[in-house]
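**Q** Before anything else, here's the structure in question.
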Amino acid sequence: MANMVRIEVQDQFGKWHKLTTVANNPTSIKMGLERGIKTQLASKSKKARAVDDKTGHMIDMLQG
(Lines give C-alpha, C1' and ligand atoms only; values in the text may rest on other atoms or scores of the structure.)
Protein backbone atom coordinates (compact mmCIF):
# COMPACT_ATOMS: atom_id res chain seq x y z
CA MET A 1 0.00 0.00 0.00
CA ALA A 2 1.26 3.47 -0.86
CA ASN A 3 2.06 6.02 1.80
CA MET A 4 -0.90 8.13 2.76
CA VAL A 5 -0.91 11.80 3.66
CA ARG A 6 -3.14 13.33 6.31
CA ILE A 7 -4.66 16.73 5.49
CA GLU A 8 -5.14 18.83 8.60
CA VAL A 9 -6.66 22.29 9.09
CA GLN A 10 -5.98 24.77 11.86
CA ASP A 11 -8.87 26.24 13.84
CA GLN A 12 -9.04 29.79 15.19
CA PHE A 13 -7.33 28.70 18.42
CA GLY A 14 -4.29 27.18 16.69
CA LYS A 15 -5.28 23.51 17.11
CA TRP A 16 -4.84 21.17 14.14
CA HIS A 17 -7.72 18.87 13.12
CA LYS A 18 -7.66 15.95 10.68
CA LEU A 19 -9.79 16.66 7.63
CA THR A 20 -9.08 13.73 5.32
CA THR A 21 -6.43 11.31 4.05
CA VAL A 22 -5.13 11.41 0.47
CA ALA A 23 -2.61 9.49 -1.63
CA ASN A 24 1.00 10.64 -1.47
CA ASN A 25 1.20 12.35 -4.86
CA PRO A 26 1.53 16.08 -5.58
CA THR A 27 -1.85 16.50 -7.26
CA SER A 28 -3.81 14.83 -4.46
CA ILE A 29 -1.94 16.79 -1.80
CA LYS A 30 -2.49 20.12 -3.58
CA MET A 31 -6.21 19.45 -4.03
CA GLY A 32 -6.56 18.35 -0.40
CA LEU A 33 -4.83 21.49 0.89
CA GLU A 34 -6.95 23.76 -1.31
CA ARG A 35 -10.11 22.04 -0.13
CA GLY A 36 -8.91 22.31 3.48
CA ILE A 37 -8.53 26.07 3.57
CA LYS A 38 -12.07 26.45 2.21
CA THR A 39 -13.65 24.59 5.15
CA GLN A 40 -15.52 26.43 7.87
CA LEU A 41 -13.08 25.09 10.48
CA ALA A 42 -10.20 26.91 8.74
CA SER A 43 -12.19 30.07 8.02
CA LYS A 44 -10.25 32.15 10.57
CA SER A 45 -6.70 30.77 10.31
CA LYS A 46 -6.76 29.95 6.56
CA LYS A 47 -4.10 27.28 7.17
CA ALA A 48 -3.95 23.67 6.02
CA ARG A 49 -1.04 21.24 6.13
CA ALA A 50 -0.14 17.84 4.72
CA VAL A 51 1.42 15.38 7.18
CA ASP A 52 2.91 11.96 6.40
CA ASP A 53 0.58 9.46 8.07
CA LYS A 54 3.40 7.08 9.09
CA THR A 55 6.16 9.40 10.27
CA GLY A 56 4.18 12.49 11.24
CA HIS A 57 6.52 14.76 9.27
CA MET A 58 4.99 17.80 7.61
CA ILE A 59 5.20 17.60 3.82
CA ASP A 60 3.56 20.84 2.73
CA MET A 61 1.52 23.75 4.04
CA LEU A 62 -0.92 26.16 2.43
CA GLN A 63 -1.90 29.51 3.88
CA GLY A 64 -4.66 31.43 2.20
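Here's how to read the names in the C-alpha coordinates: chain A, B, ... by the order shown, residue numbers from 1 in each chain, ligand numbers from 1 in the order shown.
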May I have the residues within 9 Å of Asp11 of chain A as a CSV table (one decimal) with N, CA and C atoms, in the first residue's frame, using only C-alpha atoms and disregarding those fewer than 6 positions away in the same chain?
**A**
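Heads up, here's the output in around18.csv:
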```
chain,number,residue,atom,x,y,z
A,17,HIS,N,-6.7,19.9,13.2
A,17,HIS,CA,-7.7,18.9,13.1
A,17,HIS,C,-7.6,18.1,11.8
A,40,GLN,N,-15.1,25.5,6.8
A,40,GLN,CA,-15.5,26.4,7.9
A,40,GLN,C,-14.6,26.4,9.1
A,41,LEU,N,-14.0,25.2,9.4
A,41,LEU,CA,-13.1,25.1,10.5
A,41,LEU,C,-11.8,26.0,10.3
A,42,ALA,N,-11.4,26.1,9.0
A,42,ALA,CA,-10.2,26.9,8.7
A,42,ALA,C,-10.5,28.3,8.3
A,43,SER,N,-11.8,28.8,8.5
A,43,SER,CA,-12.2,30.1,8.0
A,43,SER,C,-11.4,31.2,8.7
A,44,LYS,N,-11.0,31.1,9.9
A,44,LYS,CA,-10.3,32.1,10.6
A,44,LYS,C,-8.7,32.1,10.3
A,45,SER,N,-8.2,30.9,10.5
A,45,SER,CA,-6.7,30.8,10.3
A,45,SER,C,-6.3,30.7,8.9
A,46,LYS,N,-7.1,30.1,8.0
A,46,LYS,CA,-6.8,30.0,6.6
A,46,LYS,C,-5.5,29.2,6.4
A,47,LYS,N,-5.3,28.1,7.2
A,47,LYS,CA,-4.1,27.3,7.2
A,47,LYS,C,-4.5,25.8,7.1
```
**Q** From the set A:Lys38, A:Lys30, A:Leu19, A:Phe13, which residue has the shortest atom-to-atom contact distance to Met61 of chain A, counting only C-alpha atoms?
**A**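 The shortest atom-to-atom distance to Met61 of chain A comes from A:Lys30.
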**Q** For the structure I just gave you, how does DSSP split chain A - specifically, which residues are strand (DSSP E)? Reply as a list in words.
**A**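 Matching residues for strand (DSSP E) in chain A are Met4, Val5, Arg6, Ile7, Glu8, Val9, Gln10, Trp16, His17, Lys18, Leu19, Thr20, Thr21, Val22, Ala23, Lys47, Ala48, Arg49, Ala50, Val51, Asp52, Met58, Ile59, Asp60, Met61, Leu62 and Gln63 of chain A.
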**Q** Based on the selection just made, write N, CA, C and O atoms of those residues as a tab-separated table (two decimals), in the first residue's frame.
**A**
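Ended up saving to selection.tsv:
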```tsv
chain	number	residue	atom	x	y	z
A	4	MET	N	0.24	7.23	2.76
A	4	MET	CA	-0.90	8.13	2.76
A	4	MET	C	-0.50	9.42	3.46
A	4	MET	O	0.40	9.45	4.29
A	5	VAL	N	-1.18	10.49	3.10
A	5	VAL	CA	-0.91	11.80	3.66
A	5	VAL	C	-2.18	12.31	4.33
A	5	VAL	O	-3.26	12.24	3.75
A	6	ARG	N	-2.02	12.79	5.53
A	6	ARG	CA	-3.14	13.33	6.31
A	6	ARG	C	-3.24	14.83	6.05
A	6	ARG	O	-2.26	15.55	6.18
A	7	ILE	N	-4.42	15.29	5.67
A	7	ILE	CA	-4.66	16.73	5.49
A	7	ILE	C	-5.29	17.24	6.78
A	7	ILE	O	-6.31	16.72	7.22
A	8	GLU	N	-4.65	18.25	7.36
A	8	GLU	CA	-5.14	18.83	8.60
A	8	GLU	C	-5.39	20.31	8.41
A	8	GLU	O	-4.70	20.97	7.62
A	9	VAL	N	-6.37	20.85	9.14
A	9	VAL	CA	-6.66	22.29	9.09
A	9	VAL	C	-6.53	22.85	10.50
A	9	VAL	O	-6.74	22.15	11.49
A	10	GLN	N	-6.17	24.12	10.57
A	10	GLN	CA	-5.98	24.77	11.86
A	10	GLN	C	-7.21	25.61	12.20
A	10	GLN	O	-7.68	26.40	11.38
A	16	TRP	N	-4.73	21.85	15.43
A	16	TRP	CA	-4.84	21.17	14.14
A	16	TRP	C	-5.85	20.03	14.23
A	16	TRP	O	-5.88	19.29	15.20
A	17	HIS	N	-6.69	19.90	13.19
A	17	HIS	CA	-7.72	18.87	13.12
A	17	HIS	C	-7.60	18.11	11.81
A	17	HIS	O	-7.42	18.72	10.76
A	18	LYS	N	-7.72	16.77	11.89
A	18	LYS	CA	-7.66	15.95	10.68
A	18	LYS	C	-8.90	16.20	9.83
A	18	LYS	O	-10.02	16.18	10.33
A	19	LEU	N	-8.69	16.45	8.56
A	19	LEU	CA	-9.79	16.66	7.63
A	19	LEU	C	-10.03	15.40	6.80
A	19	LEU	O	-11.12	14.88	6.73
A	20	THR	N	-8.96	14.89	6.19
A	20	THR	CA	-9.08	13.73	5.32
A	20	THR	C	-7.71	13.09	5.13
A	20	THR	O	-6.70	13.61	5.59
A	21	THR	N	-7.68	11.98	4.42
A	21	THR	CA	-6.43	11.31	4.05
A	21	THR	C	-6.42	11.17	2.54
A	21	THR	O	-7.42	10.79	1.94
A	22	VAL	N	-5.27	11.49	1.93
A	22	VAL	CA	-5.13	11.41	0.47
A	22	VAL	C	-3.89	10.59	0.12
A	22	VAL	O	-3.04	10.34	0.97
A	23	ALA	N	-3.78	10.21	-1.14
A	23	ALA	CA	-2.61	9.49	-1.63
A	23	ALA	C	-1.40	10.43	-1.65
A	23	ALA	O	-1.55	11.65	-1.76
A	47	LYS	N	-5.30	28.11	7.24
A	47	LYS	CA	-4.10	27.28	7.17
A	47	LYS	C	-4.49	25.81	7.06
A	47	LYS	O	-5.38	25.34	7.76
A	48	ALA	N	-3.79	25.11	6.17
A	48	ALA	CA	-3.95	23.67	6.02
A	48	ALA	C	-2.56	23.10	5.81
A	48	ALA	O	-1.69	23.74	5.24
A	49	ARG	N	-2.34	21.88	6.31
A	49	ARG	CA	-1.04	21.24	6.13
A	49	ARG	C	-1.22	19.78	5.76
A	49	ARG	O	-2.25	19.16	6.06
A	50	ALA	N	-0.19	19.25	5.10
A	50	ALA	CA	-0.14	17.84	4.72
A	50	ALA	C	0.92	17.17	5.58
A	50	ALA	O	2.06	17.63	5.64
A	51	VAL	N	0.53	16.08	6.26
A	51	VAL	CA	1.42	15.38	7.18
A	51	VAL	C	1.50	13.92	6.77
A	51	VAL	O	0.47	13.28	6.53
A	52	ASP	N	2.72	13.37	6.70
A	52	ASP	CA	2.91	11.96	6.40
A	52	ASP	C	2.24	11.14	7.49
A	52	ASP	O	2.50	11.33	8.68
A	58	MET	N	5.75	16.91	8.48
A	58	MET	CA	4.99	17.80	7.61
A	58	MET	C	5.61	17.79	6.21
A	58	MET	O	6.82	17.91	6.06
A	59	ILE	N	4.77	17.66	5.21
A	59	ILE	CA	5.20	17.60	3.82
A	59	ILE	C	5.02	18.96	3.16
A	59	ILE	O	5.89	19.43	2.44
A	60	ASP	N	3.88	19.58	3.38
A	60	ASP	CA	3.56	20.84	2.73
A	60	ASP	C	2.56	21.60	3.57
A	60	ASP	O	1.89	21.03	4.43
A	61	MET	N	2.47	22.92	3.32
A	61	MET	CA	1.52	23.75	4.04
A	61	MET	C	0.98	24.81	3.10
A	61	MET	O	1.71	25.31	2.25
A	62	LEU	N	-0.29	25.13	3.25
A	62	LEU	CA	-0.92	26.16	2.43
A	62	LEU	C	-1.58	27.16	3.34
A	62	LEU	O	-2.29	26.80	4.28
A	63	GLN	N	-1.29	28.44	3.10
A	63	GLN	CA	-1.90	29.51	3.88
A	63	GLN	C	-2.60	30.44	2.91
A	63	GLN	O	-1.98	30.96	1.99
```
**Q** So what do you get for atom CA of His57 of chain A versus atom CA of Leu33 of chain A, distance-wise?
**A**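 Separation of atom CA of His57 of chain A and atom CA of Leu33 of chain A: 15.6 Å.
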**Q** To one decimal place in Å, what is the distance between atom CA of Thr27 of chain A and atom CA of Asn3 of chain A?
**A** 14.4 Å
